[in-house]
>>> print(open('target20.tsv').read())   # TSV, C-alpha atoms and all ligand atoms
chain	number	residue	atom	x	y	z
A	1	MET	CA	-37.56	-19.30	93.42
A	2	GLN	CA	-36.52	-20.37	90.00
A	3	ASN	CA	-39.03	-19.92	87.20
A	4	ILE	CA	-41.84	-19.12	89.62
A	5	PHE	CA	-43.23	-15.62	89.26
A	6	ILE	CA	-45.74	-14.10	91.65
A	7	LEU	CA	-47.94	-11.41	90.09
A	8	PRO	CA	-49.34	-9.00	92.67
A	9	ILE	CA	-52.56	-7.60	91.20
A	10	THR	CA	-54.29	-4.70	92.95
A	11	PHE	CA	-58.05	-4.15	92.95
A	12	HIS	CA	-60.35	-1.65	94.52
A	13	LEU	CA	-63.58	-3.01	95.90
A	14	ASP	CA	-65.76	-0.30	97.46
A	15	ASN	CA	-63.11	1.68	99.34
A	16	THR	CA	-60.75	-1.14	100.12
A	17	GLU	CA	-57.62	-2.00	98.24
A	18	LEU	CA	-57.18	-5.72	97.69
A	19	ILE	CA	-54.12	-7.50	96.42
A	20	ILE	CA	-54.32	-10.98	94.95
A	21	TYR	CA	-51.40	-13.13	93.87
A	22	PRO	CA	-51.78	-15.20	90.70
A	23	THR	CA	-48.60	-17.21	90.05
A	24	LEU	CA	-46.73	-18.16	86.89
A	25	LEU	CA	-44.67	-21.30	86.39
A	26	LYS	CA	-42.24	-21.37	83.49
A	27	ASP	CA	-40.00	-23.93	81.90
A	28	ALA	CA	-38.52	-24.34	78.42
A	29	HIS	CA	-41.85	-25.54	76.99
A	30	GLU	CA	-44.65	-24.09	79.05
A	31	LEU	CA	-45.87	-20.99	80.80
A	32	ILE	CA	-48.63	-21.74	83.28
A	33	MET	CA	-50.75	-19.34	85.25
A	34	VAL	CA	-52.35	-20.44	88.50
A	35	ASP	CA	-55.63	-18.53	88.97
A	36	CYS	CA	-56.31	-15.40	86.98
A	37	GLY	CA	-58.08	-12.72	88.99
A	38	TYR	CA	-61.34	-10.79	88.97
A	39	PRO	CA	-63.27	-9.94	85.79
A	40	ASP	CA	-61.47	-7.34	83.66
A	41	SER	CA	-58.07	-8.14	85.12
A	42	MET	CA	-56.46	-9.17	81.83
A	43	PRO	CA	-54.76	-5.76	81.29
A	44	LYS	CA	-53.42	-5.83	84.85
A	45	LEU	CA	-52.04	-9.33	84.36
A	46	GLU	CA	-50.48	-8.29	81.09
A	47	HIS	CA	-48.89	-5.25	82.71
A	48	ALA	CA	-47.49	-7.24	85.66
A	49	MET	CA	-46.10	-9.90	83.30
A	50	LYS	CA	-44.45	-7.32	81.08
A	51	LYS	CA	-42.43	-6.06	84.04
A	52	MET	CA	-41.03	-9.60	84.34
A	53	GLY	CA	-40.26	-9.85	80.66
A	54	LEU	CA	-43.20	-12.16	80.04
A	55	SER	CA	-46.36	-11.89	77.99
A	56	LEU	CA	-49.82	-13.47	78.01
A	57	ASN	CA	-49.32	-14.75	74.48
A	58	GLN	CA	-46.66	-17.15	75.81
A	59	LEU	CA	-49.25	-18.70	78.12
A	60	THR	CA	-49.91	-22.41	77.50
A	61	LYS	CA	-52.13	-23.32	80.46
A	62	ILE	CA	-54.22	-21.80	83.24
A	63	VAL	CA	-54.83	-23.86	86.35
A	64	ILE	CA	-57.93	-22.82	88.29
A	65	THR	CA	-57.75	-23.89	91.95
A	66	HIS	CA	-61.53	-23.39	92.38
A	67	HIS	CA	-64.39	-21.47	90.77
A	68	ASP	CA	-64.55	-18.36	92.97
A	69	HIS	CA	-64.91	-15.04	91.12
A	70	ASP	CA	-61.48	-13.76	92.18
A	71	HIS	CA	-59.79	-16.89	90.79
A	72	MET	CA	-61.64	-17.42	87.50
A	73	GLY	CA	-63.15	-13.97	86.89
A	74	ALA	CA	-60.86	-13.16	83.94
A	75	LEU	CA	-60.73	-16.70	82.54
A	76	LYS	CA	-63.21	-16.20	79.70
A	77	GLU	CA	-61.62	-12.96	78.50
A	78	ILE	CA	-58.16	-14.57	78.46
A	79	LYS	CA	-59.48	-17.70	76.69
A	80	ASP	CA	-61.30	-15.57	74.09
A	81	ARG	CA	-58.14	-13.61	73.37
A	82	TYR	CA	-55.77	-16.62	73.52
A	83	PRO	CA	-57.89	-19.61	72.42
A	84	LEU	CA	-55.00	-22.10	72.53
A	85	VAL	CA	-54.59	-21.76	76.26
A	86	GLN	CA	-55.64	-24.97	77.98
A	87	ILE	CA	-57.64	-24.70	81.21
A	88	LEU	CA	-56.98	-27.21	83.97
A	89	CYS	CA	-59.05	-27.86	87.09
A	90	SER	CA	-60.29	-30.72	89.23
A	91	ARG	CA	-63.15	-32.94	88.11
A	92	GLU	CA	-65.33	-31.58	90.93
A	93	GLU	CA	-64.80	-27.97	89.91
A	94	ALA	CA	-65.25	-28.50	86.15
A	95	PRO	CA	-69.07	-28.18	85.94
A	96	TYR	CA	-68.98	-24.84	87.76
A	97	ILE	CA	-66.19	-23.43	85.58
A	98	THR	CA	-68.09	-24.41	82.43
A	99	GLY	CA	-71.43	-23.25	83.83
A	100	GLN	CA	-73.11	-26.66	83.69
A	101	SER	CA	-73.83	-26.37	87.40
A	102	LYS	CA	-74.81	-23.32	89.40
A	103	SER	CA	-71.89	-21.74	91.29
A	104	LEU	CA	-71.62	-23.07	94.82
A	105	ARG	CA	-70.76	-19.55	95.99
A	106	LEU	CA	-74.01	-18.30	94.46
A	107	GLN	CA	-75.95	-21.14	96.08
A	108	GLN	CA	-74.37	-20.23	99.42
A	109	ALA	CA	-75.26	-16.54	98.98
A	110	GLU	CA	-78.85	-17.39	98.02
A	111	ALA	CA	-79.24	-19.63	101.05
A	112	LEU	CA	-77.91	-16.88	103.34
A	113	GLN	CA	-79.96	-14.05	101.84
A	114	ASP	CA	-82.98	-14.47	104.13
A	115	THR	CA	-80.78	-14.56	107.22
A	116	LEU	CA	-79.14	-11.19	106.44
A	117	PRO	CA	-80.15	-8.15	108.49
A	118	GLU	CA	-82.33	-5.70	106.55
A	119	SER	CA	-79.42	-3.28	106.09
A	120	GLU	CA	-77.33	-5.94	104.31
A	121	LYS	CA	-80.00	-7.40	102.05
A	122	GLU	CA	-79.30	-5.09	99.12
A	123	GLY	CA	-75.57	-5.84	99.38
A	124	GLY	CA	-76.40	-9.55	99.42
A	125	LEU	CA	-78.39	-9.24	96.20
A	126	MET	CA	-75.59	-7.23	94.59
A	127	PHE	CA	-73.13	-9.98	95.49
A	128	GLN	CA	-75.45	-12.57	93.92
A	129	ARG	CA	-75.74	-10.53	90.72
A	130	PHE	CA	-71.97	-10.16	90.61
A	131	ILE	CA	-71.38	-13.90	91.05
A	132	SER	CA	-73.99	-14.66	88.37
A	133	SER	CA	-72.20	-12.34	85.96
A	134	ILE	CA	-68.91	-14.30	86.06
A	135	GLN	CA	-68.35	-15.66	82.58
A	136	LYS	CA	-67.85	-19.39	82.13
A	137	VAL	CA	-65.73	-21.21	79.53
A	138	ASP	CA	-66.81	-23.92	77.09
A	139	SER	CA	-64.37	-26.62	78.04
A	140	VAL	CA	-61.73	-27.56	80.58
A	141	THR	CA	-59.27	-30.40	81.06
A	142	THR	CA	-59.55	-32.16	84.39
A	143	VAL	CA	-56.64	-33.22	86.57
A	144	ASN	CA	-56.64	-35.73	89.38
A	145	SER	CA	-55.34	-35.52	92.88
A	146	ALA	CA	-51.73	-36.84	93.09
A	147	GLU	CA	-51.29	-36.39	89.35
A	148	ILE	CA	-47.90	-34.97	88.39
A	149	LEU	CA	-47.86	-32.32	85.68
A	150	PRO	CA	-44.60	-32.70	83.73
A	151	ILE	CA	-43.62	-29.07	84.09
A	152	CYS	CA	-40.86	-27.39	86.11
A	153	GLY	CA	-39.47	-30.80	87.10
A	154	GLY	CA	-42.89	-32.10	88.18
A	155	ILE	CA	-45.84	-30.37	89.78
A	156	GLU	CA	-48.07	-32.48	92.01
A	157	ILE	CA	-51.78	-31.72	92.16
A	158	LEU	CA	-52.94	-31.78	95.78
A	159	ASP	CA	-56.53	-32.24	96.80
A	160	THR	CA	-57.10	-29.39	99.28
A	161	LYS	CA	-60.89	-29.48	99.45
A	162	GLY	CA	-62.80	-27.55	102.08
A	163	HIS	CA	-62.93	-23.94	100.92
A	164	MET	CA	-64.67	-25.58	97.97
A	165	PRO	CA	-65.21	-29.30	97.33
A	166	GLY	CA	-62.86	-29.49	94.36
A	167	HIS	CA	-60.22	-27.06	95.54
A	168	ILE	CA	-56.68	-28.02	94.48
A	169	SER	CA	-53.21	-26.75	95.35
A	170	LEU	CA	-49.95	-27.27	93.48
A	171	TYR	CA	-46.71	-28.61	94.91
A	172	ILE	CA	-43.49	-27.90	93.05
A	173	LYS	CA	-41.37	-30.66	94.51
A	174	GLU	CA	-37.94	-29.61	93.23
A	175	GLN	CA	-38.27	-26.24	94.89
A	176	LYS	CA	-40.39	-27.28	97.87
A	177	VAL	CA	-42.94	-24.63	96.98
A	178	LEU	CA	-46.68	-24.92	97.58
A	179	ILE	CA	-49.14	-22.80	95.63
A	180	ALA	CA	-51.99	-22.95	98.10
A	181	GLY	CA	-54.83	-21.11	96.35
A	182	ASP	CA	-57.30	-20.43	99.16
A	183	ALA	CA	-56.44	-23.48	101.28
A	184	LEU	CA	-54.28	-21.11	103.35
A	185	VAL	CA	-54.02	-17.33	103.58
A	186	VAL	CA	-51.52	-14.90	105.07
A	187	GLU	CA	-53.20	-12.40	107.38
A	188	ASN	CA	-51.14	-9.75	109.19
A	189	GLY	CA	-48.01	-11.76	108.47
A	190	LYS	CA	-49.48	-14.96	109.89
A	191	LEU	CA	-50.32	-18.16	108.02
A	192	CYS	CA	-53.99	-19.06	108.63
A	193	MET	CA	-56.82	-21.18	107.38
A	194	ALA	CA	-58.83	-19.26	104.79
A	195	MET	CA	-61.71	-16.99	105.77
A	196	PRO	CA	-64.24	-19.11	107.73
A	197	GLN	CA	-67.30	-17.46	106.15
A	198	TYR	CA	-66.24	-18.81	102.75
A	199	LEU	CA	-65.50	-22.35	103.87
A	200	LEU	CA	-68.00	-24.74	102.34
A	201	ASN	CA	-66.78	-27.66	104.46
A	202	LYS	CA	-64.76	-26.91	107.56
A	203	ARG	CA	-63.82	-30.50	108.39
A	204	ASP	CA	-62.50	-31.10	104.87
A	205	ALA	CA	-60.52	-27.87	105.04
A	206	GLN	CA	-58.95	-28.97	108.31
A	207	ASP	CA	-58.08	-32.40	106.91
A	208	SER	CA	-56.52	-30.74	103.88
A	209	ILE	CA	-54.22	-28.66	106.07
A	210	ARG	CA	-53.35	-31.72	108.17
A	211	ASN	CA	-52.39	-33.51	104.96
A	212	LEU	CA	-50.08	-30.68	103.92
A	213	GLN	CA	-47.92	-31.56	106.92
A	214	ASN	CA	-46.81	-34.65	104.99
A	215	TYR	CA	-45.04	-32.52	102.41
A	216	ASP	CA	-41.60	-30.98	102.60
A	217	ILE	CA	-42.55	-27.32	102.08
A	218	GLU	CA	-40.23	-24.32	102.41
A	219	LYS	CA	-42.35	-21.65	100.75
A	220	ILE	CA	-46.09	-21.17	100.41
A	221	ILE	CA	-47.68	-18.82	97.91
A	222	CYS	CA	-51.15	-17.84	99.12
A	223	TYR	CA	-53.57	-16.19	96.70
A	224	HIS	CA	-54.52	-13.85	99.51
A	225	GLY	CA	-51.40	-12.67	101.29
A	226	GLY	CA	-48.67	-13.77	98.88
A	227	LEU	CA	-45.39	-15.45	99.75
A	228	TYR	CA	-44.94	-17.00	103.18
A	229	GLN	CA	-41.62	-18.59	104.09
A	230	SER	CA	-41.06	-18.50	107.83
A	231	ASP	CA	-40.92	-21.88	109.52
A	232	ILE	CA	-43.66	-23.64	107.57
A	233	LYS	CA	-43.60	-26.77	109.71
A	234	ASN	CA	-44.39	-24.91	112.92
A	235	SER	CA	-46.86	-22.58	111.23
A	236	LEU	CA	-48.88	-25.54	109.92
A	237	GLN	CA	-48.64	-27.23	113.30
A	238	GLU	CA	-50.01	-24.10	115.00
A	239	ILE	CA	-53.00	-24.05	112.65
A	240	VAL	CA	-53.69	-27.75	113.15
A	241	LYS	CA	-53.43	-27.33	116.94
A	242	SER	CA	-56.11	-24.63	116.78
A	243	PHE	CA	-58.62	-27.18	115.38
A	244	THR	CA	-58.90	-29.08	118.64
B	301	ZN	ZN	-60.05	-16.27	96.80
>>> encode(input="target20.tsv", output="structure tokens")
Amino acid sequence: MQNIFILPITFHLDNTELIIYPTLLKDAHELIMVDCGYPDSMPKLEHAMKKMGLSLNQLTKIVITHHDHDHMGALKEIKDRYPLVQILCSREEAPYITGQSKSLRLQQAEALQDTLPESEKEGGLMFQRFISSIQKVDSVTTVNSAEILPICGGIEILDTKGHMPGHISLYIKEQKVLIAGDALVVENGKLCMAMPQYLLNKRDAQDSIRNLQNYDIEKIICYHGGLYQSDIKNSLQEIVKSFT
């Protein structure tokens, strides 16, 4: 992949090691990051970029696929340090990224709290406190579905709602690469629909995956699972078949 850089970032949550995959897109004029990790991940991003001969101070834009903590957790710290960086997201996600509206993930956790078994209630409250602590940014620039960003030969914004109502993915047409965010994940080497417990609208998520079949895709970068490039057409078909 030309001018597309995947940044594997490792985290430890309780006793589990998690790897997330923010992605960078570079051309002669811009350096764009797609999703930026958990809170406090700025040094890890910086370190991973340095290995590729890149630096956060070259960054021109950050695209946030949706407002989950693992995707926008470090946004405020990066924006504070590099104020010229422009933040892009969908219109639906904007109020949650700026804090005008209460996080949908927090609302979901609050609604589930009473249904949790006694032994999980404290964990549930901890999760709520964690989500509440995610720092918001003052302003964002919204992008529309089907809009083409004039970078890397043209990047199409795809509406991939479902995981969250304003979730977007990016399609780099020239290279037939999809940056899927959480619309798809790779689990044990297999392409799948993202974790069902985090889906805010299952039907939308299914329609989003169906719609991806209309695109000529050779590689998919999943935020959870990384690069997937084996027979995309059949892999998507398998997922869609499982809906019925
Ligand atoms: Zn995620």
>>> closest_atom_pairs(input="target20.tsv", of="chain A", to="ligand ZN 301 (chain B)", cutoff="9 Å", atoms="all atoms listed in the file", output="CSV")
residue,atom,partner,partner_atom,distance
A:Ile20,CA,B:ZN301,ZN,8.0
A:Gly37,CA,B:ZN301,ZN,8.8
A:His66,CA,B:ZN301,ZN,8.5
A:Asp68,CA,B:ZN301,ZN,6.3
A:His69,CA,B:ZN301,ZN,7.6
A:Asp70,CA,B:ZN301,ZN,5.4
A:His71,CA,B:ZN301,ZN,6.0
A:Gly181,CA,B:ZN301,ZN,7.1
A:Asp182,CA,B:ZN301,ZN,5.5
A:Ala194,CA,B:ZN301,ZN,8.6
A:Tyr198,CA,B:ZN301,ZN,9.0
A:Tyr223,CA,B:ZN301,ZN,6.5
A:His224,CA,B:ZN301,ZN,6.6
>>> residues_around(input="target20.tsv", residues="segment 171-173 of chain A", least_positions_apart="3", cutoff="8 Å", atoms="all atoms listed in the file", output="list in words")
Cys152, Gly153, Gly154, Ile155, Glu156, Ile157, Leu158, Lys176, Val177, Leu178 and Ile179 of chain A
>>> write_last_selection(input="target20.tsv", atoms="C-alpha atoms", output="short mmCIF file (atom, residue, chain, number, x, y, z; two decimals), in the coordinates of the input")
data_model
loop_
_atom_site.label_atom_id
_atom_site.label_comp_id
_atom_site.auth_asym_id
_atom_site.auth_seq_id
_atom_site.Cartn_x
_atom_site.Cartn_y
_atom_site.Cartn_z
CA CYS A 152 -40.86 -27.39 86.11
CA GLY A 153 -39.47 -30.80 87.10
CA GLY A 154 -42.89 -32.10 88.18
CA ILE A 155 -45.84 -30.37 89.78
CA GLU A 156 -48.07 -32.48 92.01
CA ILE A 157 -51.78 -31.72 92.16
CA LEU A 158 -52.94 -31.78 95.78
CA LYS A 176 -40.39 -27.28 97.87
CA VAL A 177 -42.94 -24.63 96.98
CA LEU A 178 -46.68 -24.92 97.58
CA ILE A 179 -49.14 -22.80 95.63
#
>>> residues_around(input="target20.tsv", residues="Ala183 of chain A", least_positions_apart="2", cutoff="10 Å", atoms="all atoms listed in the file", output="VMD selection string")
chain A and resid 65 159 to 164 167 to 169 179 to 181 185 192 to 195 199 205 to 206 208 to 209 212 222 to 224
>>> closest_residue(input="target20.tsv", among="A:Ile64, A:Ala28, A:Cys89, A:Leu125", to="Ser145 of chain A", atoms="all atoms listed in the file")
A:Cys89
>>> atom_distance(input="target20.tsv", atom1="atom CA of Thr23 of chain A", atom2="atom CA of Gly53 of chain A")
14.6 Å
>>> closest_residue(input="target20.tsv", among="A:Val186, A:Leu149, A:Met49, A:Val240", to="Leu170 of chain A", atoms="only C-alpha atoms")
A:Leu149
>>> closest_residue(input="target20.tsv", among="A:Leu56, A:Ala146, A:Leu84, A:Met72", to="Thr98 of chain A", atoms="all atoms listed in the file")
A:Met72
>>> closest_residue(input="target20.tsv", among="A:Gln58, A:Ser101, A:Thr244, A:Gln86", to="Thr142 of chain A", atoms="only C-alpha atoms")
A:Gln86
>>> residues_around(input="target20.tsv", residues="Pro22 of chain A", least_positions_apart="6", cutoff="6 Å", atoms="only C-alpha atoms", output="JSON, numbers by chain")
{"A": [7, 34, 35, 36]}
>>> atom_distance(input="target20.tsv", atom1="atom CA of Ser242 of chain A", atom2="atom CA of Gly166 of chain A")
23.9 Å
>>> residues_around(input="target20.tsv", residues="Gln113 of chain A", least_positions_apart="5", cutoff="9 Å", atoms="all atoms listed in the file", output="NGL selection string")
:A and (108 or 120-121 or 124-125)
>>> atom_distance(input="target20.tsv", atom1="atom CA of Asn3 of chain A", atom2="atom CA of Ile217 of chain A")
17.0 Å
>>> closest_residue(input="target20.tsv", among="A:Asn234, A:Thr10, A:Asn201, A:Gln175", to="Pro43 of chain A", atoms="all atoms listed in the file")
A:Thr10
>>> closest_residue(input="target20.tsv", among="A:Leu24, A:Ile6, A:Leu184, A:Leu106", to="Ile62 of chain A", atoms="only C-alpha atoms")
A:Leu24
>>> axis_aligned_box(input="target20.tsv", around="segment 86-103 of chain A", padding_each_side="5 Å", output="lines of an AutoDock Vina configuration file")
center_x = -65.2
center_y = -27.3
center_z = 84.6
size_x = 29.2
size_y = 21.2
size_z = 23.3
>>> build_atoms(input="target20.tsv", residues="segment 23-59 of chain A", atoms="N, CA and C atoms", output="mmCIF file, in the coordinates of the input")
data_model
loop_
_atom_site.group_PDB
_atom_site.id
_atom_site.type_symbol
_atom_site.label_atom_id
_atom_site.label_comp_id
_atom_site.auth_asym_id
_atom_site.auth_seq_id
_atom_site.Cartn_x
_atom_site.Cartn_y
_atom_site.Cartn_z
ATOM 1 N N THR A 23 -50.004 -16.777 90.153
ATOM 2 C CA THR A 23 -48.600 -17.210 90.050
ATOM 3 C C THR A 23 -48.343 -17.802 88.669
ATOM 4 N N LEU A 24 -47.134 -17.580 88.172
ATOM 5 C CA LEU A 24 -46.730 -18.160 86.890
ATOM 6 C C LEU A 24 -45.633 -19.184 87.117
ATOM 7 N N LEU A 25 -45.710 -20.270 86.363
ATOM 8 C CA LEU A 25 -44.670 -21.300 86.390
ATOM 9 C C LEU A 25 -44.132 -21.428 84.967
ATOM 10 N N LYS A 26 -42.820 -21.398 84.839
ATOM 11 C CA LYS A 26 -42.240 -21.370 83.490
ATOM 12 C C LYS A 26 -41.157 -22.414 83.362
ATOM 13 N N ASP A 27 -41.172 -23.134 82.263
ATOM 14 C CA ASP A 27 -40.000 -23.930 81.900
ATOM 15 C C ASP A 27 -39.742 -23.737 80.409
ATOM 16 N N ALA A 28 -38.899 -24.551 79.820
ATOM 17 C CA ALA A 28 -38.520 -24.340 78.420
ATOM 18 C C ALA A 28 -39.714 -24.487 77.467
ATOM 19 N N HIS A 29 -40.733 -25.236 77.897
ATOM 20 C CA HIS A 29 -41.850 -25.540 76.990
ATOM 21 C C HIS A 29 -43.163 -24.872 77.349
ATOM 22 N N GLU A 30 -43.327 -24.542 78.606
ATOM 23 C CA GLU A 30 -44.650 -24.090 79.050
ATOM 24 C C GLU A 30 -44.578 -22.823 79.907
ATOM 25 N N LEU A 31 -45.672 -22.082 79.853
ATOM 26 C CA LEU A 31 -45.870 -20.990 80.800
ATOM 27 C C LEU A 31 -47.284 -21.152 81.361
ATOM 28 N N ILE A 32 -47.347 -21.409 82.654
ATOM 29 C CA ILE A 32 -48.630 -21.740 83.280
ATOM 30 C C ILE A 32 -49.012 -20.684 84.297
ATOM 31 N N MET A 33 -50.264 -20.283 84.250
ATOM 32 C CA MET A 33 -50.750 -19.340 85.250
ATOM 33 C C MET A 33 -51.649 -20.089 86.222
ATOM 34 N N VAL A 34 -51.481 -19.824 87.499
ATOM 35 C CA VAL A 34 -52.350 -20.440 88.500
ATOM 36 C C VAL A 34 -53.295 -19.361 89.019
ATOM 37 N N ASP A 35 -54.556 -19.473 88.656
ATOM 38 C CA ASP A 35 -55.630 -18.530 88.970
ATOM 39 C C ASP A 35 -55.397 -17.187 88.260
ATOM 40 N N CYS A 36 -56.507 -16.533 87.894
ATOM 41 C CA CYS A 36 -56.310 -15.400 86.980
ATOM 42 C C CYS A 36 -57.085 -14.128 87.326
ATOM 43 N N GLY A 37 -57.566 -14.015 88.555
ATOM 44 C CA GLY A 37 -58.080 -12.720 88.990
ATOM 45 C C GLY A 37 -59.553 -12.454 88.716
ATOM 46 N N TYR A 38 -59.960 -11.268 89.121
ATOM 47 C CA TYR A 38 -61.340 -10.790 88.970
ATOM 48 C C TYR A 38 -61.653 -10.543 87.492
ATOM 49 N N PRO A 39 -62.945 -10.346 87.168
ATOM 50 C CA PRO A 39 -63.270 -9.940 85.790
ATOM 51 C C PRO A 39 -62.494 -8.665 85.429
ATOM 52 N N ASP A 40 -62.177 -8.524 84.183
ATOM 53 C CA ASP A 40 -61.470 -7.340 83.660
ATOM 54 C C ASP A 40 -60.019 -7.233 84.124
ATOM 55 N N SER A 41 -59.459 -8.305 84.645
ATOM 56 C CA SER A 41 -58.070 -8.140 85.120
ATOM 57 C C SER A 41 -57.024 -8.468 84.057
ATOM 58 N N MET A 42 -57.448 -8.820 82.860
ATOM 59 C CA MET A 42 -56.460 -9.170 81.830
ATOM 60 C C MET A 42 -55.404 -8.074 81.606
ATOM 61 N N PRO A 43 -55.802 -6.790 81.483
ATOM 62 C CA PRO A 43 -54.760 -5.760 81.290
ATOM 63 C C PRO A 43 -53.790 -5.669 82.466
ATOM 64 N N LYS A 44 -54.298 -5.886 83.673
ATOM 65 C CA LYS A 44 -53.420 -5.830 84.850
ATOM 66 C C LYS A 44 -52.436 -7.005 84.846
ATOM 67 N N LEU A 45 -52.923 -8.161 84.440
ATOM 68 C CA LEU A 45 -52.040 -9.330 84.360
ATOM 69 C C LEU A 45 -50.955 -9.089 83.312
ATOM 70 N N GLU A 46 -51.403 -8.552 82.191
ATOM 71 C CA GLU A 46 -50.480 -8.290 81.090
ATOM 72 C C GLU A 46 -49.378 -7.312 81.531
ATOM 73 N N HIS A 47 -49.813 -6.280 82.229
ATOM 74 C CA HIS A 47 -48.890 -5.250 82.710
ATOM 75 C C HIS A 47 -47.876 -5.847 83.701
ATOM 76 N N ALA A 48 -48.381 -6.634 84.641
ATOM 77 C CA ALA A 48 -47.490 -7.240 85.660
ATOM 78 C C ALA A 48 -46.508 -8.212 84.998
ATOM 79 N N MET A 49 -46.982 -8.942 83.981
ATOM 80 C CA MET A 49 -46.100 -9.900 83.300
ATOM 81 C C MET A 49 -45.026 -9.190 82.501
ATOM 82 N N LYS A 50 -45.400 -8.074 81.897
ATOM 83 C CA LYS A 50 -44.450 -7.320 81.080
ATOM 84 C C LYS A 50 -43.238 -6.888 81.904
ATOM 85 N N LYS A 51 -43.516 -6.481 83.146
ATOM 86 C CA LYS A 51 -42.430 -6.060 84.040
ATOM 87 C C LYS A 51 -41.433 -7.203 84.293
ATOM 88 N N MET A 52 -41.906 -8.435 84.116
ATOM 89 C CA MET A 52 -41.030 -9.600 84.340
ATOM 90 C C MET A 52 -40.503 -10.149 83.028
ATOM 91 N N GLY A 53 -40.735 -9.412 81.965
ATOM 92 C CA GLY A 53 -40.260 -9.850 80.660
ATOM 93 C C GLY A 53 -41.090 -10.975 80.068
ATOM 94 N N LEU A 54 -42.328 -11.092 80.524
ATOM 95 C CA LEU A 54 -43.200 -12.160 80.040
ATOM 96 C C LEU A 54 -44.446 -11.554 79.393
ATOM 97 N N SER A 55 -45.167 -12.396 78.655
ATOM 98 C CA SER A 55 -46.360 -11.890 77.990
ATOM 99 C C SER A 55 -47.450 -12.961 77.974
ATOM 100 N N LEU A 56 -48.700 -12.513 78.012
ATOM 101 C CA LEU A 56 -49.820 -13.470 78.010
ATOM 102 C C LEU A 56 -49.821 -14.356 76.772
ATOM 103 N N ASN A 57 -49.261 -13.870 75.662
ATOM 104 C CA ASN A 57 -49.320 -14.750 74.480
ATOM 105 C C ASN A 57 -48.327 -15.909 74.537
ATOM 106 N N GLN A 58 -47.507 -15.965 75.587
ATOM 107 C CA GLN A 58 -46.660 -17.150 75.810
ATOM 108 C C GLN A 58 -47.388 -18.215 76.633
ATOM 109 N N LEU A 59 -48.545 -17.826 77.175
ATOM 110 C CA LEU A 59 -49.250 -18.700 78.120
ATOM 111 C C LEU A 59 -49.722 -19.987 77.434
#
